[in-house]
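**Student:** One structure is given below, represented as structure tokens, and several questions about it will come after.
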2 protein chains.
Amino acid sequence: MIHRRGVYSVEAVDVDVIVEQVRLALASGQWDDAVALVEALRPPDQADLFSDLPPAEQDQLLPRLDLEDSADILEELEEEEAAEIACRLELEDLAAIVDEMEPDEAADLLGDIPPEQASEVLAAMTEPEEVRPLLVHADDTAGGLMTSAPFVLHRGMTAADAIAYLRGIAPDSEDFYYLYIVDEDMHLVGVVSLRQLIVAPPSADLETIMDMEVFQVEASADQEEAARLMARYGLMALPVVDSAGRLIGRITHDDLVDVLEEEATEDIYRLGGVPEEHPPDVPFPVALRTRLPWLVVNLGTAMASAAILSLFEGTIARIAALAAFFPIVAGVAGSAGTQTMTVTVRGLALGEVDPRDGLRALAREFLIGSVNGLTVGLLVALVALIWKGSPMLGVVVGLATLINLVGAAIAGVTVPLGMQVAKVDPALASPILVTTITDTLGYFIYLGLATLVLLPLI
Amino acid sequence: MIHRRGVYSVEAVDVDVIVEQVRLALASGQWDDAVALVEALRPPDQADLFSDLPPAEQDQLLPRLDLEDSADILEELEEEEAAEIACRLELEDLAAIVDEMEPDEAADLLGDIPPEQASEVLAAMTEPEEVRPLLVHADDTAGGLMTSAPFVLHRGMTAADAIAYLRGIAPDSEDFYYLYIVDEDMHLVGVVSLRQLIVAPPSADLETIMDMEVFQVEASADQEEAARLMARYGLMALPVVDSAGRLIGRITHDDLVDVLEEEATEDIYRLGGVPEEHPPDVPFPVALRTRLPWLVVNLGTAMASAAILSLFEGTIARIAALAAFFPIVAGVAGSAGTQTMTVTVRGLALGEVDPRDGLRALAREFLIGSVNGLTVGLLVALVALIWKGSPMLGVVVGLATLINLVGAAIAGVTVPLGMQVAKVDPALASPILVTTITDTLGYFIYLGLATLVLLPLI
């Protein structure tokens, strides 16, 4: 049960209900009512509501909201959607809203709209200088994630100086729990938390209370690398430096959460055969564009198994009962391969598995595959014996299952580790490769054994 | 590139190298060297190193570390491993270490060791009162995640009072960016950030600067619900209240990161057919216990497909060429079903998909399935025509592929939504159900069509 004082709902706000109220208000021209309904919400709920409105109503509503709410909404919306709405706005309106946005979010938005429009917006902004330097960094780097770090402290200050300085500039952002101390060349020399500033004697020099061991990343570092570092060491912010080591920005805890979620979602999508993440309500053509080509690739790999089966057509024609065990032989090996692959891929993503541990992992999975293979193989053999009444068929399917489960274990651990070494995302290519290996190998071993053992008996 | 001042390594610390140095030092009895190597590391690296040591060396090292480092290590280790090590410690040593741990981590550890030992530890601790109240909450609830919130402010205070109070108690935890304001009954009435305290005029009453809209969760709430709320609204801490609304603790940002990672890992494992998450280097029997039963369940469902195939044994015996297309018909439909299911399951987990949007989602996926089916079906038909030279076989496999891809799309969206409504984790049961549906349906449609269309022709 989640309470929010004043609202006292047991759930988070039910946006769907408010959407209907807003649409009614818009339809009857009661702009103030519509605006009041939106402004009573928190930014993530405002964005959800906005996203549920048809474009025409979005365009009616947005210019009537105050700039801060408009900026919040564009920050919270999915990137594509924010860019679409931005493109429909008047230049001056858009520039005013972008001026209100957090610099890192503003830079992301400007990167998503046509370059000429972005230049015009920058020219029309009153404070473009916070955003402009952020535009040079690629979206998926630490630099693309950071926001500029205007509040820095200097070495000569005392705790009281620092507090007085902060009180003077009265920053309105909540994201500066850590304060960075720089030398005259903007090189990072230390970090101090607000807690330390408050707890220290007012006359203490910053140099005596600051922590000189500061984690930092270069702007060109991968955003996932930065997020992993923050997650591992429990950092609420991470300073970003340029190639000369000068402080140019900081990554905040909400960015960390976003990156971790994005990264997990990307892995889940890729393991599920969807190469590019997209929101669940993505337009139909986009969904098709990301999924159809992958199915065609799958079709190609299924052809490999088809070729194996075709090779043994003679055996199948003479012992049609063999076909009944195809789903078992291929399916169980596929499941076992997927299990091993999943554990390995996630372990690699979390940094818990390293390709250098490859041999140890292989030995373990080989052992697991062998025990699984003996157990499931025995079960399958019993099924074949009881169902089809043929001991030799039982031996063939049981033995094939044992060999296939061992093969699946080997493929499930070597494929993702190999991908990692080859610098290909293990989540992307592993599922299709592992399935192709377990399928073709599965059919080949099973039908090969059947041809060797069973065919001479009939 | 990640820099850490003083260490200046381009990567995070390479624990493997230090492990070897520590082991050498332990082997030659140079305890001080071993301790110095460990104490130079940050807690997550200390835990990694510790985890790589054999139990005998862990037992040599731990009593020689200072209490704070020992506490950090037990906090950072995987739960099972921490519990194992704790069980091997002397009662007094363990009690002293647990006294140093964060209360929420201490409670987790005490919950993981035998109850009698936990009682003895509590009795031997000097400060059991911070930990004891946390023991009543289940591990996966907000209460199980929270740490106690000893620093509260009161309504009558000014900003200067609050700062003086904080300076007086000089808390050593970094986790109190937000300060909660309570009334005389410990009911939460507002929240103020350290930033607000510093920026406000010193004489300002807390009541005039505090935010009265405080998100809060009850201790019995699901930990994922609490984490979702923090992630959605960008909260760095979330206060936890008892059923009477009294403040009893807070969830901090590092807990949020842990829960989100844990949750994503659980979903990835379950979607990959591993019902319970385990560390990649889990002992062999545990890995077997989580994976083997699931393979046996898979075997059971594969039997359903086997039964369908067995039903059509006569058709297969007469047209053995049909078998070559089994991997294509079942494989591509399986991939398409997995794609749709993955998007739906992740959308449900992130709160972006709601079962109430079910019809809209179904319509979309039906459309995607139809276009995918037409495209891939046509390709498969062409392959059959060119490879096997049979136009009618082409029609049968093409048509079967079309129908199967539409069926896969419907199963991929309805199964996870149905699970969600039935309050079963969609990630757990969806993969096996969707695969079973696409497989059995796939074989049935394909062989049924073949029996109707092709059999009369020969």
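Labeling convention for the structure tokens: chains A, B, ... as they appear, residues from 1 per chain, ligands from 1 in order of appearance.
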What lies within 7 Å of range 307-312 of chain A using only C-alpha atoms, ignoring chain neighbours under 5 positions off, as a list in words?
**Tutor:** Thr440, Tyr443, Phe444 and Leu447 of chain A; Ala321, Ala323 and Ala324 of chain B
**Student:** Where in range 174-230 of chain A does DSSP assign strand (DSSP E), given as a count of residues only?
**Tutor:** 15
**Student:** Need the shell around range 57-62 of chain A: protein/DNA/RNA residues with any atom at most 9 Å away, counting only C-alpha atoms. Skip same-chain ones fewer than 5 positions apart. Format as an MDAnalysis selection string?
**Tutor:** chainID A and resid 23 26:27 31 34:35 50:51 69:70 85 88:89
**Student:** Keeping only C-alpha atoms, write the selected residues as a PDB file, in the first residue's frame.
**Tutor:**
```pdb
ATOM      1  CA  ARG A  23     -10.270  15.322 -22.451  1.00  0.00           C
ATOM      2  CA  LEU A  26     -10.604  20.239 -23.431  1.00  0.00           C
ATOM      3  CA  ALA A  27     -13.627  19.250 -25.500  1.00  0.00           C
ATOM      4  CA  TRP A  31      -8.836  25.233 -20.487  1.00  0.00           C
ATOM      5  CA  ALA A  34      -7.659  20.953 -17.937  1.00  0.00           C
ATOM      6  CA  VAL A  35      -4.519  22.820 -16.917  1.00  0.00           C
ATOM      7  CA  PHE A  50       0.141  13.559 -22.046  1.00  0.00           C
ATOM      8  CA  SER A  51       1.212  10.458 -23.889  1.00  0.00           C
ATOM      9  CA  ASP A  69       5.467  21.737 -16.346  1.00  0.00           C
ATOM     10  CA  SER A  70       6.014  21.689 -20.108  1.00  0.00           C
ATOM     11  CA  ILE A  85       5.840  16.987 -30.033  1.00  0.00           C
ATOM     12  CA  ARG A  88       5.118  20.565 -33.859  1.00  0.00           C
ATOM     13  CA  LEU A  89       5.812  23.492 -31.485  1.00  0.00           C
TER      14      LEU A  89
END
```
**Student:** Name all residues at most 6 Å from range 93-100 of chain B (count only C-alpha atoms; drop same-chain ones fewer than 4 positions away) and give them as number ranges by chain.
**Tutor:** B: 67, 71, 89, 106, 121, 124-125
**Student:** Quick one: write out the picked residues with N, CA and C atoms as a PDB file, in the first residue's frame?
**Tutor:**
```pdb
ATOM      1  N   LEU B  67      36.835  -4.400  12.790  1.00  0.00           N
ATOM      2  CA  LEU B  67      35.413  -4.743  12.795  1.00  0.00           C
ATOM      3  C   LEU B  67      34.670  -4.110  11.631  1.00  0.00           C
ATOM      4  N   ALA B  71      32.510  -6.056   8.885  1.00  0.00           N
ATOM      5  CA  ALA B  71      31.090  -5.767   8.704  1.00  0.00           C
ATOM      6  C   ALA B  71      30.795  -5.446   7.249  1.00  0.00           C
ATOM      7  N   LEU B  89      31.945 -18.449  12.608  1.00  0.00           N
ATOM      8  CA  LEU B  89      32.611 -17.517  13.528  1.00  0.00           C
ATOM      9  C   LEU B  89      32.283 -17.836  14.986  1.00  0.00           C
ATOM     10  N   ALA B 106      22.237  -6.283   8.856  1.00  0.00           N
ATOM     11  CA  ALA B 106      22.380  -7.144  10.023  1.00  0.00           C
ATOM     12  C   ALA B 106      21.138  -8.030  10.177  1.00  0.00           C
ATOM     13  N   VAL B 121      23.312 -14.354  19.132  1.00  0.00           N
ATOM     14  CA  VAL B 121      24.033 -13.179  18.650  1.00  0.00           C
ATOM     15  C   VAL B 121      23.368 -11.918  19.175  1.00  0.00           C
ATOM     16  N   ALA B 124      24.200 -11.238  22.639  1.00  0.00           N
ATOM     17  CA  ALA B 124      25.594 -10.834  22.872  1.00  0.00           C
ATOM     18  C   ALA B 124      25.924  -9.465  22.283  1.00  0.00           C
ATOM     19  N   MET B 125      24.981  -8.880  21.511  1.00  0.00           N
ATOM     20  CA  MET B 125      25.248  -7.581  20.883  1.00  0.00           C
ATOM     21  C   MET B 125      25.123  -6.449  21.896  1.00  0.00           C
TER      22      MET B 125
END
```
**Student:** Identify, on the basis of only C-alpha atoms, every residue whose closest approach to range 384-401 of chain A does not exceed 12 Å; exclude the query and any residue fewer than 4 positions from it along the same chain; express the result as JSON, numbers by chain.
**Tutor:** {"A": [319, 320, 321, 322, 323, 324, 325, 326, 327, 328, 329, 330, 331, 332, 333, 334, 336, 369, 370, 371, 372, 373, 374, 375, 376, 377, 378, 379, 380, 405, 406, 407, 408, 438, 439, 441, 442, 443, 444, 445, 446, 447, 448, 449, 450, 451, 452, 453, 454, 455, 456, 457, 458], "B": [295, 299, 303, 306, 307, 310]}
**Student:** Residues as selected, C-alpha atoms, written as an mmCIF file, in the first residue's frame, can you do that?
**Tutor:**
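Generated file (out.cif):
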```
data_model
loop_
_atom_site.group_PDB
_atom_site.id
_atom_site.type_symbol
_atom_site.label_atom_id
_atom_site.label_comp_id
_atom_site.auth_asym_id
_atom_site.auth_seq_id
_atom_site.Cartn_x
_atom_site.Cartn_y
_atom_site.Cartn_z
ATOM 1 C CA ILE A 319 10.738 -45.773 -39.199
ATOM 2 C CA ALA A 320 8.060 -43.046 -39.012
ATOM 3 C CA ALA A 321 7.808 -43.582 -35.225
ATOM 4 C CA LEU A 322 11.125 -41.727 -34.929
ATOM 5 C CA ALA A 323 9.358 -38.463 -35.783
ATOM 6 C CA ALA A 324 7.302 -38.571 -32.582
ATOM 7 C CA PHE A 325 10.477 -37.923 -30.549
ATOM 8 C CA PHE A 326 11.662 -34.902 -32.537
ATOM 9 C CA PRO A 327 10.050 -32.360 -30.172
ATOM 10 C CA ILE A 328 11.543 -34.153 -27.174
ATOM 11 C CA VAL A 329 15.051 -34.529 -28.561
ATOM 12 C CA ALA A 330 15.239 -30.972 -29.924
ATOM 13 C CA GLY A 331 13.022 -29.294 -27.317
ATOM 14 C CA VAL A 332 14.651 -30.490 -24.114
ATOM 15 C CA ALA A 333 18.167 -29.834 -25.463
ATOM 16 C CA GLY A 334 17.022 -26.373 -26.530
ATOM 17 C CA ALA A 336 18.854 -26.900 -21.355
ATOM 18 C CA GLY A 369 24.693 -31.243 -18.457
ATOM 19 C CA SER A 370 25.865 -34.800 -17.807
ATOM 20 C CA VAL A 371 23.673 -35.298 -14.730
ATOM 21 C CA ASN A 372 20.707 -33.630 -16.451
ATOM 22 C CA GLY A 373 21.370 -35.770 -19.525
ATOM 23 C CA LEU A 374 21.529 -39.020 -17.549
ATOM 24 C CA THR A 375 18.302 -38.222 -15.693
ATOM 25 C CA VAL A 376 16.245 -36.879 -18.581
ATOM 26 C CA GLY A 377 17.754 -39.425 -20.981
ATOM 27 C CA LEU A 378 16.631 -42.267 -18.715
ATOM 28 C CA LEU A 379 13.139 -40.790 -18.490
ATOM 29 C CA VAL A 380 12.918 -40.383 -22.261
ATOM 30 C CA LEU A 405 22.145 -32.177 -23.162
ATOM 31 C CA VAL A 406 25.921 -32.302 -22.741
ATOM 32 C CA GLY A 407 26.303 -30.551 -26.104
ATOM 33 C CA ALA A 408 23.708 -27.964 -25.084
ATOM 34 C CA THR A 438 21.247 -27.651 -30.179
ATOM 35 C CA ASP A 439 18.728 -28.197 -32.981
ATOM 36 C CA LEU A 441 23.234 -31.336 -33.427
ATOM 37 C CA GLY A 442 20.137 -32.803 -31.781
ATOM 38 C CA TYR A 443 18.607 -34.025 -35.028
ATOM 39 C CA PHE A 444 21.948 -35.239 -36.361
ATOM 40 C CA ILE A 445 22.843 -37.293 -33.274
ATOM 41 C CA TYR A 446 19.344 -38.738 -32.926
ATOM 42 C CA LEU A 447 18.835 -39.668 -36.568
ATOM 43 C CA GLY A 448 22.456 -40.734 -36.974
ATOM 44 C CA LEU A 449 22.134 -43.141 -34.016
ATOM 45 C CA ALA A 450 18.796 -44.372 -35.348
ATOM 46 C CA THR A 451 20.288 -45.025 -38.777
ATOM 47 C CA LEU A 452 23.246 -46.906 -37.252
ATOM 48 C CA VAL A 453 21.355 -48.885 -34.606
ATOM 49 C CA LEU A 454 17.724 -49.241 -35.648
ATOM 50 C CA LEU A 455 17.838 -49.418 -39.438
ATOM 51 C CA PRO A 456 19.858 -52.684 -39.526
ATOM 52 C CA LEU A 457 17.247 -54.269 -37.204
ATOM 53 C CA ILE A 458 14.310 -53.932 -39.613
ATOM 54 C CA LEU B 295 13.728 -29.698 -17.804
ATOM 55 C CA LEU B 299 9.898 -32.948 -21.201
ATOM 56 C CA MET B 303 5.245 -35.073 -24.895
ATOM 57 C CA ALA B 306 5.097 -35.946 -29.521
ATOM 58 C CA ALA B 307 1.517 -37.148 -29.174
ATOM 59 C CA SER B 310 2.398 -39.761 -33.314
#
```
**Student:** So how far away is CA of Ala47 in chain A from CA of Leu77 in chain A, in Å?
**Tutor:**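 Between CA of Leu77 in chain A and CA of Ala47 in chain A the gap is 5.5 Å.
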**Student:** Check the smallest atom-to-atom distance from each of B:Ala123, B:Ala107, B:Val345, B:Ala86 to chain A using only C-alpha atoms, then report the winner.
**Tutor:** B:Val345
**Student:** Using only C-alpha atoms, can you tell me which of B:Asp357, B:Glu84, B:Glu68, B:Asp425 comes closest to chain A?
**Tutor:**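 Checking each candidate against chain A, we get B:Asp357 as the closest.
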**Student:** Applying 10 Å and only C-alpha atoms, which residues near Ala363 in chain A remain after dropping the ones on its own chain fewer than 6 positions away? List them as a list in words.
**Tutor:**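 Result of the neighbour search: Gly369, Ala409, Ile410 and Val413 of chain A.
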**Student:** From the options B:Asn404, B:Gln216, B:Gln196, B:Thr158, which residue's atoms come nearest to chain A, counting only C-alpha atoms?
**Tutor:**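 The answer is B:Gln216, which sits nearest to chain A.
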**Student:** Write out as a compact mmCIF listing (two decimals) with N, CA and C atoms, in the first residue's frame the residues lying within 10 Å of range 146-148 of chain B, counting only C-alpha atoms and excluding same-chain residues fewer than 6 positions away.
**Tutor:**
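Heads up, here's the output in part-v1.txt:
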```
# COMPACT_ATOMS: atom_id res chain seq x y z
N GLU B 102 25.16 -2.23 9.00
CA GLU B 102 23.94 -1.44 8.85
C GLU B 102 22.78 -2.29 9.37
N PRO B 103 21.85 -1.69 10.12
CA PRO B 103 20.79 -2.49 10.73
C PRO B 103 20.02 -3.38 9.74
N ASP B 104 19.73 -2.86 8.52
CA ASP B 104 18.96 -3.69 7.60
C ASP B 104 19.76 -4.90 7.12
N GLU B 105 21.08 -4.70 6.93
CA GLU B 105 21.93 -5.81 6.50
C GLU B 105 22.11 -6.80 7.64
N ALA B 106 22.24 -6.28 8.86
CA ALA B 106 22.38 -7.14 10.02
C ALA B 106 21.14 -8.03 10.18
N ALA B 107 19.97 -7.43 9.99
CA ALA B 107 18.72 -8.19 10.11
C ALA B 107 18.66 -9.28 9.05
N GLU B 130 18.48 -1.67 17.48
CA GLU B 130 18.25 -1.15 16.13
C GLU B 130 17.88 -2.27 15.15
N VAL B 131 18.35 -3.46 15.48
CA VAL B 131 18.18 -4.58 14.56
C VAL B 131 16.89 -5.35 14.85
N PRO B 133 13.76 -4.74 15.78
CA PRO B 133 12.47 -4.47 15.14
C PRO B 133 12.44 -4.81 13.65
N LEU B 134 13.62 -4.88 13.02
CA LEU B 134 13.65 -5.15 11.58
C LEU B 134 13.44 -6.64 11.29
N HIS B 137 10.03 -8.32 9.68
CA HIS B 137 9.54 -8.10 8.32
C HIS B 137 10.09 -9.13 7.35
N ASP B 139 11.62 -10.78 4.08
CA ASP B 139 12.76 -10.32 3.29
C ASP B 139 12.37 -9.51 2.06
N ALA B 219 5.25 -0.98 5.71
CA ALA B 219 6.32 -1.99 5.83
C ALA B 219 5.94 -3.29 5.14
N GLN B 223 8.55 -5.29 -1.93
CA GLN B 223 9.75 -4.47 -2.16
C GLN B 223 9.83 -3.94 -3.60
N ALA B 237 15.32 8.34 -1.39
CA ALA B 237 14.99 7.55 -0.20
C ALA B 237 13.47 7.53 -0.09
N LEU B 238 12.95 6.52 0.57
CA LEU B 238 11.50 6.38 0.71
C LEU B 238 11.21 6.00 2.16
N PRO B 239 10.40 6.81 2.86
CA PRO B 239 10.11 6.48 4.25
C PRO B 239 9.12 5.31 4.35
N VAL B 240 9.33 4.49 5.38
CA VAL B 240 8.48 3.31 5.59
C VAL B 240 7.71 3.52 6.89
N LEU B 247 6.33 6.51 11.39
CA LEU B 247 7.60 6.31 10.69
C LEU B 247 8.46 5.27 11.42
N ILE B 248 8.84 4.22 10.72
CA ILE B 248 9.67 3.21 11.38
C ILE B 248 10.99 2.98 10.65
N GLY B 249 11.17 3.53 9.44
CA GLY B 249 12.44 3.31 8.74
C GLY B 249 12.43 3.98 7.39
N ARG B 250 13.53 3.75 6.64
CA ARG B 250 13.60 4.32 5.30
C ARG B 250 14.35 3.37 4.38
N ILE B 251 13.97 3.40 3.12
CA ILE B 251 14.65 2.62 2.09
C ILE B 251 15.57 3.58 1.36
N THR B 252 16.83 3.18 1.17
CA THR B 252 17.80 4.12 0.60
C THR B 252 18.12 3.75 -0.85
N ASP B 255 19.52 0.41 -1.90
CA ASP B 255 18.55 -0.68 -1.88
C ASP B 255 17.73 -0.70 -3.17
```
**Student:** Counting only C-alpha atoms, figure out which residue out of B:Gln21, B:Thr141, B:Ser119, B:Thr208 gets nearest to chain A.
**Tutor:**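 Comparing B:Gln21, B:Thr141, B:Ser119, B:Thr208 against chain A, the winner is B:Thr141.
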**Student:** Name the residues of range 90-253 of chain A that come out as alpha helix (DSSP H) in a backbone DSSP run; write them as an MDAnalysis selection string.
**Tutor:** chainID A and resid 91:100 103:112 115:124 142:145 159:169 194:199 206:209 223:233 253
